[in-house]
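Pasted below: data.cif, mmCIF, C-alpha atoms.
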```
data_protein
loop_
_atom_site.label_atom_id
_atom_site.label_comp_id
_atom_site.auth_asym_id
_atom_site.auth_seq_id
_atom_site.Cartn_x
_atom_site.Cartn_y
_atom_site.Cartn_z
CA MET A 588 44.57 -47.59 6.56
CA PHE A 589 44.45 -45.45 3.40
CA SER A 590 40.79 -44.64 3.95
CA TYR A 591 41.36 -43.88 7.63
CA TYR A 592 43.96 -41.20 6.90
CA PHE A 593 41.76 -39.58 4.29
CA TYR A 594 38.91 -39.57 6.79
CA ILE A 595 41.06 -37.62 9.26
CA ILE A 596 42.10 -35.16 6.54
CA LEU A 597 38.53 -34.60 5.41
CA LYS A 598 37.22 -34.00 8.91
CA PHE A 599 40.10 -31.60 9.67
CA PHE A 600 39.66 -29.57 6.48
CA ASN A 601 35.86 -29.71 6.55
CA PRO A 602 35.39 -25.85 6.73
CA ILE A 603 37.74 -25.36 3.78
CA LEU A 604 36.34 -28.14 1.66
CA SER A 605 32.81 -26.87 2.12
CA PHE A 606 33.62 -24.01 -0.26
CA PHE A 607 34.19 -26.38 -3.19
CA TYR A 608 31.43 -27.71 -5.38
CA PHE A 609 30.86 -31.44 -4.97
CA LYS A 610 31.43 -32.48 -8.61
CA LYS A 611 34.49 -30.32 -9.10
CA PHE A 612 36.15 -31.75 -6.00
CA TYR A 613 35.51 -35.33 -7.06
CA SER A 614 36.96 -34.58 -10.50
CA PHE A 615 40.03 -33.11 -8.85
CA LEU A 616 40.55 -36.23 -6.73
CA LEU A 617 40.22 -38.50 -9.74
CA TYR A 618 42.80 -36.46 -11.61
CA LEU A 619 45.12 -36.54 -8.59
CA PHE A 620 44.85 -40.30 -8.17
CA PHE A 621 45.55 -40.78 -11.86
CA LYS A 622 48.71 -38.67 -11.70
CA MET A 623 49.89 -40.42 -8.55
CA GLN A 624 49.21 -43.82 -10.20
CA ILE A 625 47.36 -45.07 -7.14
CA HIS A 626 45.95 -48.57 -7.56
CA TYR A 627 42.35 -48.58 -8.70
CA THR A 628 41.22 -50.71 -5.71
CA SER A 629 42.42 -48.01 -3.34
CA VAL A 630 40.55 -45.40 -5.36
CA VAL A 631 37.36 -47.46 -5.20
CA ASN A 632 37.76 -47.97 -1.47
CA PHE A 633 38.38 -44.29 -0.94
CA PHE A 634 35.30 -43.14 -2.83
CA ALA A 635 33.17 -45.73 -1.08
CA PHE A 636 34.40 -44.43 2.23
CA LEU A 637 33.86 -40.80 1.18
CA THR A 638 30.28 -41.65 0.27
CA LEU A 639 29.87 -43.10 3.76
CA VAL A 640 31.17 -39.84 5.22
CA PHE A 641 28.52 -37.93 3.24
CA ALA A 642 25.78 -40.28 4.38
CA THR A 643 26.61 -40.51 8.09
CA ASN A 644 28.21 -37.20 9.01
CA VAL A 645 27.55 -33.48 8.56
CA PRO A 646 27.79 -32.91 4.79
CA ILE A 647 31.18 -31.61 3.81
CA PHE A 648 30.34 -30.18 0.44
CA ALA A 649 26.70 -29.24 1.03
CA GLN A 650 26.01 -25.54 1.43
CA THR A 651 25.97 -24.62 5.12
CA ASP A 652 25.37 -21.43 7.04
CA VAL A 653 29.04 -20.50 6.64
CA ASP A 654 28.13 -17.84 4.05
CA GLY A 655 25.20 -16.48 6.08
CA GLY A 656 22.61 -17.67 3.59
CA VAL A 657 24.06 -15.63 0.72
CA PHE A 658 24.27 -18.71 -1.49
CA PHE A 659 20.54 -19.42 -1.11
CA PHE A 660 19.68 -15.74 -1.42
CA ALA A 661 21.57 -15.51 -4.70
CA LYS A 662 19.68 -18.54 -6.02
CA ALA A 663 16.39 -17.02 -4.91
CA GLU A 664 17.20 -13.73 -6.62
CA SER A 665 17.96 -15.62 -9.82
CA PHE A 666 14.55 -17.34 -9.67
CA ARG A 667 12.83 -14.02 -8.88
CA LYS A 668 14.35 -12.32 -11.90
CA LYS A 669 13.05 -15.17 -14.02
CA LYS A 670 9.60 -14.67 -12.39
CA GLN A 671 9.80 -18.18 -10.92
CA TYR A 672 8.39 -16.92 -7.64
CA SER A 673 7.48 -20.27 -6.09
CA ASP A 674 11.06 -21.52 -6.48
CA ALA A 675 12.36 -18.19 -5.18
CA VAL A 676 10.21 -18.51 -2.05
CA ILE A 677 11.82 -21.87 -1.26
CA GLU A 678 15.35 -20.51 -1.61
CA TYR A 679 14.55 -17.39 0.42
CA GLY A 680 13.26 -19.73 3.12
CA ARG A 681 16.58 -21.57 3.15
CA ALA A 682 18.42 -18.27 3.36
CA ILE A 683 16.34 -17.34 6.42
CA LEU A 684 17.19 -20.68 8.08
CA ALA A 685 20.88 -20.10 7.37
CA ASP A 686 20.78 -16.55 8.76
CA PRO A 687 17.65 -15.64 10.75
CA THR A 688 19.08 -12.17 11.55
CA ASN A 689 19.17 -10.72 8.03
CA TYR A 690 16.07 -8.53 7.56
CA ARG A 691 16.39 -8.54 3.76
CA PHE A 692 15.76 -12.29 3.50
CA PRO A 693 12.20 -12.31 4.94
CA PHE A 694 11.43 -9.03 3.13
CA SER A 695 12.38 -10.53 -0.24
CA LYS A 696 10.43 -13.71 0.55
CA ALA A 697 7.39 -11.62 1.44
CA MET A 698 7.61 -9.71 -1.84
CA CYS A 699 7.42 -12.99 -3.76
CA HIS A 700 4.46 -14.14 -1.66
CA GLN A 701 2.80 -10.86 -2.55
CA LEU A 702 3.41 -11.43 -6.25
CA LEU A 703 1.86 -14.88 -5.83
CA GLU A 704 -1.15 -13.16 -4.16
CA GLN A 705 -0.45 -15.03 -0.92
CA VAL A 706 -1.39 -12.07 1.27
CA ASP A 707 -1.26 -13.76 4.68
CA SER A 708 2.19 -15.23 4.06
CA ALA A 709 3.42 -11.92 2.70
CA ALA A 710 2.21 -10.07 5.81
CA LYS A 711 3.88 -12.66 8.05
CA TYR A 712 7.32 -12.20 6.49
CA PHE A 713 7.03 -8.40 6.22
CA GLU A 714 6.37 -8.40 9.95
CA MET A 715 9.38 -10.68 10.46
CA SER A 716 11.55 -8.22 8.53
CA ILE A 717 10.27 -5.34 10.68
CA LYS A 718 11.11 -7.21 13.90
CA LEU A 719 14.69 -7.50 12.67
CA LYS A 720 14.86 -3.84 11.55
CA ASP A 721 12.13 -1.71 13.06
CA ASP A 722 12.91 1.38 10.95
CA TYR A 723 12.78 -0.38 7.57
CA VAL A 724 10.31 1.83 5.69
CA PRO A 725 9.82 -0.38 2.57
CA ALA A 726 8.58 -3.21 4.80
CA TYR A 727 6.00 -0.98 6.49
CA VAL A 728 4.76 0.33 3.13
CA ALA A 729 4.52 -3.19 1.65
CA LEU A 730 2.80 -4.44 4.82
CA SER A 731 0.21 -1.67 4.50
CA ARG A 732 -0.61 -2.96 1.00
CA CYS A 733 -1.33 -6.39 2.49
CA TYR A 734 -3.70 -4.94 5.06
CA LYS A 735 -5.37 -2.82 2.39
CA ALA A 736 -6.02 -6.00 0.39
CA LYS A 737 -7.49 -7.54 3.55
CA THR A 738 -9.57 -4.35 4.11
CA ASP A 739 -8.06 -4.00 7.59
CA THR A 740 -7.99 -0.20 7.76
CA GLU A 741 -6.68 0.02 11.31
CA LYS A 742 -3.58 -2.09 10.62
CA GLN A 743 -3.06 -0.44 7.24
CA VAL A 744 -3.07 3.00 8.89
CA ASN A 745 -0.71 1.83 11.67
CA ALA A 746 1.79 0.49 9.11
CA LEU A 747 1.67 3.70 7.07
CA GLN A 748 2.07 5.81 10.21
CA GLN A 749 5.25 3.88 11.05
CA ALA A 750 6.48 4.48 7.49
CA PHE A 751 5.69 8.19 7.96
CA THR A 752 7.63 8.24 11.24
CA PHE A 753 10.84 6.70 9.88
CA GLU A 754 10.78 8.19 6.38
CA GLU A 755 13.25 11.05 5.80
CA SER A 756 11.89 12.42 2.53
CA PHE A 757 9.16 15.05 2.95
CA GLU A 758 7.54 14.07 -0.36
CA LYS A 759 7.27 10.45 0.79
CA LYS A 760 5.95 11.50 4.19
CA LEU A 761 3.23 13.52 2.47
CA GLU A 762 2.42 10.54 0.24
CA TYR A 763 2.01 8.21 3.23
CA LYS A 764 -0.09 10.75 5.13
CA MET A 765 -2.38 11.25 2.12
CA GLU A 766 -2.86 7.51 1.86
CA ILE A 767 -3.75 7.33 5.56
CA ILE A 768 -6.32 10.10 5.21
CA GLU A 769 -7.84 8.62 2.05
CA SER A 770 -8.14 5.22 3.72
CA LEU A 771 -9.89 6.71 6.77
CA ILE A 772 -12.26 8.69 4.53
CA ARG A 773 -13.16 5.51 2.62
CA SER A 774 -14.04 3.85 5.91
CA GLU A 775 -15.95 7.03 6.92
CA ASP A 776 -13.72 7.53 9.96
CA TYR A 777 -13.71 11.30 9.59
CA VAL A 778 -12.74 12.05 13.19
CA ASN A 779 -9.45 10.14 12.98
CA ALA A 780 -8.84 11.52 9.50
CA LYS A 781 -9.12 15.05 10.94
CA LEU A 782 -6.68 14.12 13.74
CA HIS A 783 -4.11 12.99 11.16
CA ILE A 784 -4.54 16.25 9.25
CA ASN A 785 -4.01 18.29 12.41
CA GLY A 786 -0.93 16.22 13.24
CA PHE A 787 0.52 16.82 9.79
CA LYS A 788 -0.13 20.58 10.05
CA LYS A 789 1.92 20.66 13.26
CA PHE A 790 4.71 18.82 11.46
CA LYS A 791 4.50 21.10 8.40
CA PRO A 792 2.52 24.33 9.10
CA ASP A 793 2.90 25.69 5.55
CA ALA A 794 -0.27 25.57 3.45
CA ASN A 795 -0.47 22.51 1.23
CA LEU A 796 -3.14 22.08 -1.46
CA ASP A 797 -3.77 18.40 -0.76
CA ILE A 798 -4.01 18.91 3.00
CA LEU A 799 -6.32 21.91 2.54
CA TYR A 800 -8.57 19.88 0.24
CA TYR A 801 -8.88 16.95 2.62
CA GLU A 802 -9.43 19.22 5.59
CA ALA A 803 -12.27 20.95 3.73
CA ARG A 804 -13.77 17.66 2.59
CA ILE A 805 -13.70 16.19 6.10
CA SER A 806 -14.96 19.42 7.68
CA ASN A 807 -17.93 19.40 5.31
CA LYS A 808 -18.66 15.81 6.33
CA LEU A 809 -18.48 16.75 10.01
CA GLY A 810 -20.68 19.84 9.54
CA ASP A 811 -17.88 22.33 10.16
CA TYR A 812 -18.73 24.43 7.10
CA HIS A 813 -16.88 27.57 8.18
CA THR A 814 -13.58 25.65 8.36
CA ALA A 815 -14.28 24.04 4.99
CA LYS A 816 -15.01 27.44 3.46
CA SER A 817 -11.84 28.94 4.92
CA CYS A 818 -9.64 26.08 3.66
CA MET A 819 -11.02 26.25 0.15
CA LEU A 820 -10.76 30.02 -0.10
CA THR A 821 -7.07 29.62 0.72
CA ALA A 822 -6.66 26.69 -1.66
CA THR A 823 -8.38 28.30 -4.65
CA LYS A 824 -5.98 31.25 -4.39
CA MET A 825 -3.09 28.80 -4.71
CA LEU A 826 -4.36 27.08 -7.86
CA LYS A 827 -2.15 27.64 -10.89
CA THR A 828 -4.40 26.31 -13.65
CA PRO A 829 -7.92 27.14 -14.88
CA ALA A 830 -8.51 23.57 -16.13
CA LEU A 831 -11.77 22.24 -14.67
CA LYS A 832 -10.28 18.77 -14.41
CA GLU A 833 -7.68 20.08 -11.98
CA ILE A 834 -9.71 22.60 -9.98
CA SER A 835 -13.19 21.06 -9.82
CA ARG A 836 -12.74 19.19 -6.55
CA TYR A 837 -11.66 22.35 -4.72
CA TYR A 838 -14.57 24.44 -6.01
CA TYR A 839 -17.06 21.67 -5.31
CA GLU A 840 -16.13 21.61 -1.60
CA LEU A 841 -16.19 25.42 -1.51
CA GLY A 842 -19.63 25.52 -3.16
CA TYR A 843 -20.92 22.84 -0.78
CA ALA A 844 -19.75 24.82 2.26
CA TYR A 845 -21.39 27.97 0.88
CA TYR A 846 -24.62 26.06 0.22
CA LYS A 847 -24.78 24.66 3.75
CA LEU A 848 -24.14 28.16 5.10
CA LYS A 849 -27.10 29.33 2.97
CA GLU A 850 -24.87 31.54 0.86
CA TYR A 851 -26.56 30.32 -2.30
CA ASP A 852 -25.29 32.92 -4.78
CA GLU A 853 -21.69 32.24 -3.72
CA ALA A 854 -22.34 28.50 -3.95
CA SER A 855 -23.65 28.88 -7.51
CA THR A 856 -20.61 30.92 -8.50
CA ALA A 857 -18.19 28.40 -6.99
CA TRP A 858 -19.91 25.47 -8.63
CA GLN A 859 -19.49 27.01 -12.07
CA ASN A 860 -15.81 26.02 -11.69
CA ALA A 861 -16.69 22.51 -10.53
CA ASN A 862 -19.09 21.48 -13.29
CA PHE A 863 -16.92 18.60 -14.47
CA GLY A 864 -17.00 14.79 -14.33
CA GLU A 865 -18.43 13.26 -11.18
CA PHE A 866 -19.06 16.67 -9.64
CA ARG A 867 -21.57 17.62 -12.32
CA LYS A 868 -24.02 15.03 -11.01
CA LEU A 869 -23.40 16.00 -7.39
CA ILE A 870 -24.01 19.67 -8.11
CA SER A 871 -27.26 18.92 -9.95
CA GLN A 872 -28.80 17.75 -6.66
CA TYR A 873 -28.61 21.32 -5.37
CA ASP A 874 -29.96 22.94 -8.54
CA PRO A 875 -33.40 24.57 -7.95
CA ARG A 876 -34.61 22.90 -11.16
CA TYR A 877 -33.84 19.51 -9.57
CA HIS A 878 -35.88 20.43 -6.50
CA TYR A 879 -38.70 21.70 -8.70
CA ALA A 880 -38.79 18.47 -10.74
CA THR A 881 -38.84 16.41 -7.52
CA ALA A 882 -41.62 18.61 -6.11
CA GLN A 883 -43.69 18.03 -9.27
CA CYS A 884 -43.37 14.25 -8.82
CA MET A 885 -44.45 14.52 -5.18
CA PHE A 886 -47.42 16.71 -6.19
CA LYS A 887 -48.63 14.16 -8.76
CA ILE A 888 -48.75 11.38 -6.16
CA TYR A 889 -50.49 13.70 -3.65
CA GLU A 890 -47.48 13.99 -1.34
CA TYR A 891 -48.12 17.69 -0.85
CA GLY A 892 -46.03 18.01 2.29
CA LEU A 893 -42.88 16.65 0.59
CA ALA A 894 -43.59 18.70 -2.52
CA GLN A 895 -43.76 21.87 -0.45
CA LYS A 896 -40.49 20.98 1.30
CA TYR A 897 -38.64 20.68 -2.02
CA LEU A 898 -40.20 23.91 -3.31
CA GLU A 899 -39.10 25.81 -0.22
CA SER A 900 -35.54 24.53 -0.66
CA ALA A 901 -35.56 25.65 -4.28
CA LEU A 902 -36.95 29.08 -3.41
CA HIS A 903 -34.13 29.62 -0.91
CA ILE A 904 -31.68 29.17 -3.76
CA ARG A 905 -33.58 31.08 -6.44
CA HIS A 906 -36.26 33.57 -5.49
CA ASP A 907 -37.30 34.53 -9.02
CA PHE A 908 -38.23 31.03 -10.22
CA ALA A 909 -41.82 31.70 -11.39
CA ALA A 910 -42.72 28.03 -11.95
CA LEU A 911 -41.90 27.29 -8.32
CA GLN A 912 -44.32 29.94 -7.12
CA VAL A 913 -47.07 28.61 -9.40
CA LEU A 914 -46.70 25.09 -8.04
CA MET A 915 -46.59 26.41 -4.49
CA ALA A 916 -49.92 28.17 -5.14
CA LYS A 917 -51.46 24.92 -6.45
CA ILE A 918 -50.39 23.11 -3.30
CA SER A 919 -51.93 25.83 -1.15
CA ILE A 920 -55.25 25.48 -3.05
CA ARG A 921 -55.23 21.70 -2.58
CA HIS A 922 -54.53 22.12 1.13
CA ALA A 923 -57.43 24.61 1.37
CA LYS A 924 -59.81 22.02 -0.05
#
```

Before anything else, please render the file you have as structure tokens.
Amino acid sequence: MFSYYFYIILKFFNPILSFFYFKKFYSFLLYLFFKMQIHYTSVVNFFAFLTLVFATNVPIFAQTDVDGGVFFFAKAESFRKKKQYSDAVIEYGRAILADPTNYRFPFSKAMCHQLLEQVDSAAKYFEMSIKLKDDYVPAYVALSRCYKAKTDTEKQVNALQQAFTFEESFEKKLEYKMEIIESLIRSEDYVNAKLHINGFKKFKPDANLDILYYEARISNKLGDYHTAKSCMLTATKMLKTPALKEISRYYYELGYAYYKLKEYDEASTAWQNANFGEFRKLISQYDPRYHYATAQCMFKIYEYGLAQKYLESALHIRHDFAALQVLMAKISIRHAK
């Protein structure tokens, strides 16, 4: 009879009792029985029956979804701070089961998967977070990192475009747009890169150095040298430092556009401000001395046609290069024979 009444009490107060920790509640009961001087056989029977309740019914003291998964989330956060990411992933998973509607739970789980270099799992839970909150910018940005690691440019760009759409900060929007353009350039998708630039210019018509640079770079790739020249003339007027490290990329694109438009003197002048780092080697390919050296090599192996081609290119750039004219004369003599 004693056990029966306690069973009724426990079932009735199940929601309340679930907030107590298991060990603390047992200690409280022991203390209560001691004070009430209940016979030890009744105590034994009671605890045996309580154990049966735990084994055969919904756990009274186990953590349930009453707290919306906050208990598990807190445990997961504790593991994450200790860099115990595998344990954190498990607890985040339990939090998701307890409350499948909280977008922060799958996002946090995905972040730990990412730290564990589990890219596919990370992408899965970032996408889950986005389904629960479709304007959650951090999830889109983190998801784009997953697709970048998987070299899936299309999905990376789509994720960043969503981040751009929902982001409120102009600086962040610009950052996401730059990343989109850089990704498309790496994959040599210059047409779509140009479309993104045009879209950004409609959003923010004011001249921006980074946008001008990428527009010039892409225009040069697409053979639109006049647009590239125009962009870089605008950009170079906006530069605030003479440091070659900072200005070289702008002057390289300007010099390249001039060169392709056969404005060789202007190209040479522009490239004087781009003779730094990686651009030094690129510029050397358009130096008449480079063409002359290549023509000499072609001449020595009797490739007179190729030699003449390189000499003509060099002469377009520099008309007073005497050595070029001498070699051109030698080729003419060989052709005459």

Original post:
What does the PyMOL selection byres ((chain A and resi 752-764) around 12) select in this file, as a VMD selection string?
Top reply: chain A and resid 720 to 729 731 to 732 743 to 751 765 to 771 780 to 788 790 to 791 795 to 798 801

Subject >> Who sits within 12 Å of region 820-833 of chain A, all atoms listed in the file, same chain under 6 positions skipped, as a PyMOL selection string >> reply: chain A and resi 793-803+813-814+839-842+844-845+853+857-867

**OP:** Considering only C-alpha atoms, state which residue in the set A:Leu719, A:Tyr672, A:Gln872, A:Glu714 is at the smallest distance from Pro687 (chain A).
**Re:** A:Leu719

**OP:** Find the spatial neighbours of Ala909 (chain A), counting only C-alpha atoms, within a cut-off of 12 Å - ignore same-chain residues fewer than 5 positions away - and output them as a PyMOL selection string.
**Re:** chain A and resi 875-876+879+898+901-902+914-916

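Using only C-alpha atoms, the shortest contact distance between Ala675 (chain A) and any of A:Ser695, A:Ser835, A:Thr688, A:Gln912 is found at A:Ser695.
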
Original post:
Need the neighbours of (19.3, -13.9, 10.2): which residues are at most 12 Å away, counting only C-alpha atoms, as a ChimeraX atom specification?
Top reply: /A:652,654-657,660,679-694,715-716,718-720

**OP:** For Arg667 (chain A), list every protein, DNA or RNA residue within 9 Å, evaluated using only C-alpha atoms, and leave out those in the same chain fewer than 6 positions away; present the list as a PyMOL selection string.
**Re:** chain A and resi 673-676+699

**OP:** Could you jot down the CA of Phe659 (chain A) to CA of Ala710 (chain A) separation for me, Å, one decimal place?
**Re:**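 These two atoms are separated by 21.7 Å.
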
**OP:** Can you work out the spacing between CA of Lys735 (chain A) and CA of Asp707 (chain A) in Å, to one decimal?
**Re:**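 So the two atoms, CA of Lys735 (chain A) and CA of Asp707 (chain A), lie 11.9 Å apart.
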
Give me region 730-754 of chain A with N, CA, C and O atoms filled in, as an mmCIF file, keeping the file's coordinate frame.
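Contents of the output file result-v1.cif:
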```cif
data_model
loop_
_atom_site.group_PDB
_atom_site.id
_atom_site.type_symbol
_atom_site.label_atom_id
_atom_site.label_comp_id
_atom_site.auth_asym_id
_atom_site.auth_seq_id
_atom_site.Cartn_x
_atom_site.Cartn_y
_atom_site.Cartn_z
ATOM 1 N N LEU A 730 3.743 -3.834 3.864
ATOM 2 C CA LEU A 730 2.800 -4.440 4.820
ATOM 3 C C LEU A 730 1.455 -3.721 4.760
ATOM 4 O O LEU A 730 0.398 -4.367 4.840
ATOM 5 N N SER A 731 1.476 -2.418 4.595
ATOM 6 C CA SER A 731 0.210 -1.670 4.500
ATOM 7 C C SER A 731 -0.600 -2.102 3.290
ATOM 8 O O SER A 731 -1.834 -2.123 3.330
ATOM 9 N N ARG A 732 0.089 -2.472 2.204
ATOM 10 C CA ARG A 732 -0.610 -2.960 1.000
ATOM 11 C C ARG A 732 -1.333 -4.278 1.308
ATOM 12 O O ARG A 732 -2.429 -4.524 0.804
ATOM 13 N N CYS A 733 -0.691 -5.113 2.107
ATOM 14 C CA CYS A 733 -1.330 -6.390 2.490
ATOM 15 C C CYS A 733 -2.606 -6.134 3.278
ATOM 16 O O CYS A 733 -3.648 -6.745 3.024
ATOM 17 N N TYR A 734 -2.536 -5.234 4.235
ATOM 18 C CA TYR A 734 -3.700 -4.940 5.060
ATOM 19 C C TYR A 734 -4.796 -4.230 4.256
ATOM 20 O O TYR A 734 -5.986 -4.402 4.535
ATOM 21 N N LYS A 735 -4.386 -3.448 3.265
ATOM 22 C CA LYS A 735 -5.370 -2.820 2.390
ATOM 23 C C LYS A 735 -6.125 -3.887 1.609
ATOM 24 O O LYS A 735 -7.354 -3.809 1.456
ATOM 25 N N ALA A 736 -5.394 -4.897 1.119
ATOM 26 C CA ALA A 736 -6.020 -6.000 0.390
ATOM 27 C C ALA A 736 -6.968 -6.784 1.292
ATOM 28 O O ALA A 736 -7.974 -7.323 0.833
ATOM 29 N N LYS A 737 -6.650 -6.823 2.588
ATOM 30 C CA LYS A 737 -7.490 -7.540 3.550
ATOM 31 C C LYS A 737 -8.566 -6.634 4.139
ATOM 32 O O LYS A 737 -9.315 -7.059 5.013
ATOM 33 N N THR A 738 -8.629 -5.372 3.640
ATOM 34 C CA THR A 738 -9.570 -4.350 4.110
ATOM 35 C C THR A 738 -9.503 -4.175 5.637
ATOM 36 O O THR A 738 -10.521 -3.999 6.298
ATOM 37 N N ASP A 739 -8.290 -4.245 6.165
ATOM 38 C CA ASP A 739 -8.060 -4.000 7.590
ATOM 39 C C ASP A 739 -7.503 -2.585 7.716
ATOM 40 O O ASP A 739 -6.286 -2.377 7.745
ATOM 41 N N THR A 740 -8.398 -1.605 7.780
ATOM 42 C CA THR A 740 -7.990 -0.200 7.760
ATOM 43 C C THR A 740 -7.107 0.167 8.935
ATOM 44 O O THR A 740 -6.125 0.909 8.781
ATOM 45 N N GLU A 741 -7.443 -0.341 10.111
ATOM 46 C CA GLU A 741 -6.680 0.020 11.310
ATOM 47 C C GLU A 741 -5.207 -0.380 11.184
ATOM 48 O O GLU A 741 -4.302 0.423 11.438
ATOM 49 N N LYS A 742 -4.963 -1.622 10.758
ATOM 50 C CA LYS A 742 -3.580 -2.090 10.620
ATOM 51 C C LYS A 742 -2.884 -1.418 9.446
ATOM 52 O O LYS A 742 -1.675 -1.169 9.486
ATOM 53 N N GLN A 743 -3.632 -1.149 8.386
ATOM 54 C CA GLN A 743 -3.060 -0.440 7.240
ATOM 55 C C GLN A 743 -2.572 0.953 7.678
ATOM 56 O O GLN A 743 -1.445 1.358 7.341
ATOM 57 N N VAL A 744 -3.416 1.651 8.425
ATOM 58 C CA VAL A 744 -3.070 3.000 8.890
ATOM 59 C C VAL A 744 -1.864 2.946 9.834
ATOM 60 O O VAL A 744 -0.957 3.782 9.751
ATOM 61 N N ASN A 745 -1.829 1.953 10.727
ATOM 62 C CA ASN A 745 -0.710 1.830 11.670
ATOM 63 C C ASN A 745 0.609 1.609 10.917
ATOM 64 O O ASN A 745 1.642 2.197 11.274
ATOM 65 N N ALA A 746 0.578 0.762 9.890
ATOM 66 C CA ALA A 746 1.790 0.490 9.110
ATOM 67 C C ALA A 746 2.257 1.748 8.379
ATOM 68 O O ALA A 746 3.456 2.071 8.364
ATOM 69 N N LEU A 747 1.321 2.475 7.791
ATOM 70 C CA LEU A 747 1.670 3.700 7.070
ATOM 71 C C LEU A 747 2.171 4.787 8.030
ATOM 72 O O LEU A 747 3.059 5.575 7.677
ATOM 73 N N GLN A 748 1.614 4.822 9.226
ATOM 74 C CA GLN A 748 2.070 5.810 10.210
ATOM 75 C C GLN A 748 3.509 5.525 10.620
ATOM 76 O O GLN A 748 4.300 6.452 10.820
ATOM 77 N N GLN A 749 3.865 4.244 10.741
ATOM 78 C CA GLN A 749 5.250 3.880 11.050
ATOM 79 C C GLN A 749 6.172 4.284 9.887
ATOM 80 O O GLN A 749 7.280 4.774 10.104
ATOM 81 N N ALA A 750 5.697 4.063 8.666
ATOM 82 C CA ALA A 750 6.480 4.480 7.490
ATOM 83 C C ALA A 750 6.675 5.995 7.519
ATOM 84 O O ALA A 750 7.772 6.494 7.235
ATOM 85 N N PHE A 751 5.618 6.727 7.853
ATOM 86 C CA PHE A 751 5.690 8.190 7.960
ATOM 87 C C PHE A 751 6.718 8.597 9.020
ATOM 88 O O PHE A 751 7.501 9.534 8.814
ATOM 89 N N THR A 752 6.741 7.899 10.135
ATOM 90 C CA THR A 752 7.630 8.240 11.240
ATOM 91 C C THR A 752 9.100 8.091 10.862
ATOM 92 O O THR A 752 9.922 8.957 11.174
ATOM 93 N N PHE A 753 9.436 6.995 10.174
ATOM 94 C CA PHE A 753 10.840 6.700 9.880
ATOM 95 C C PHE A 753 11.319 7.259 8.541
ATOM 96 O O PHE A 753 12.524 7.328 8.312
ATOM 97 N N GLU A 754 10.396 7.656 7.679
ATOM 98 C CA GLU A 754 10.780 8.190 6.380
ATOM 99 C C GLU A 754 11.472 9.549 6.532
ATOM 100 O O GLU A 754 11.061 10.376 7.339
#
```
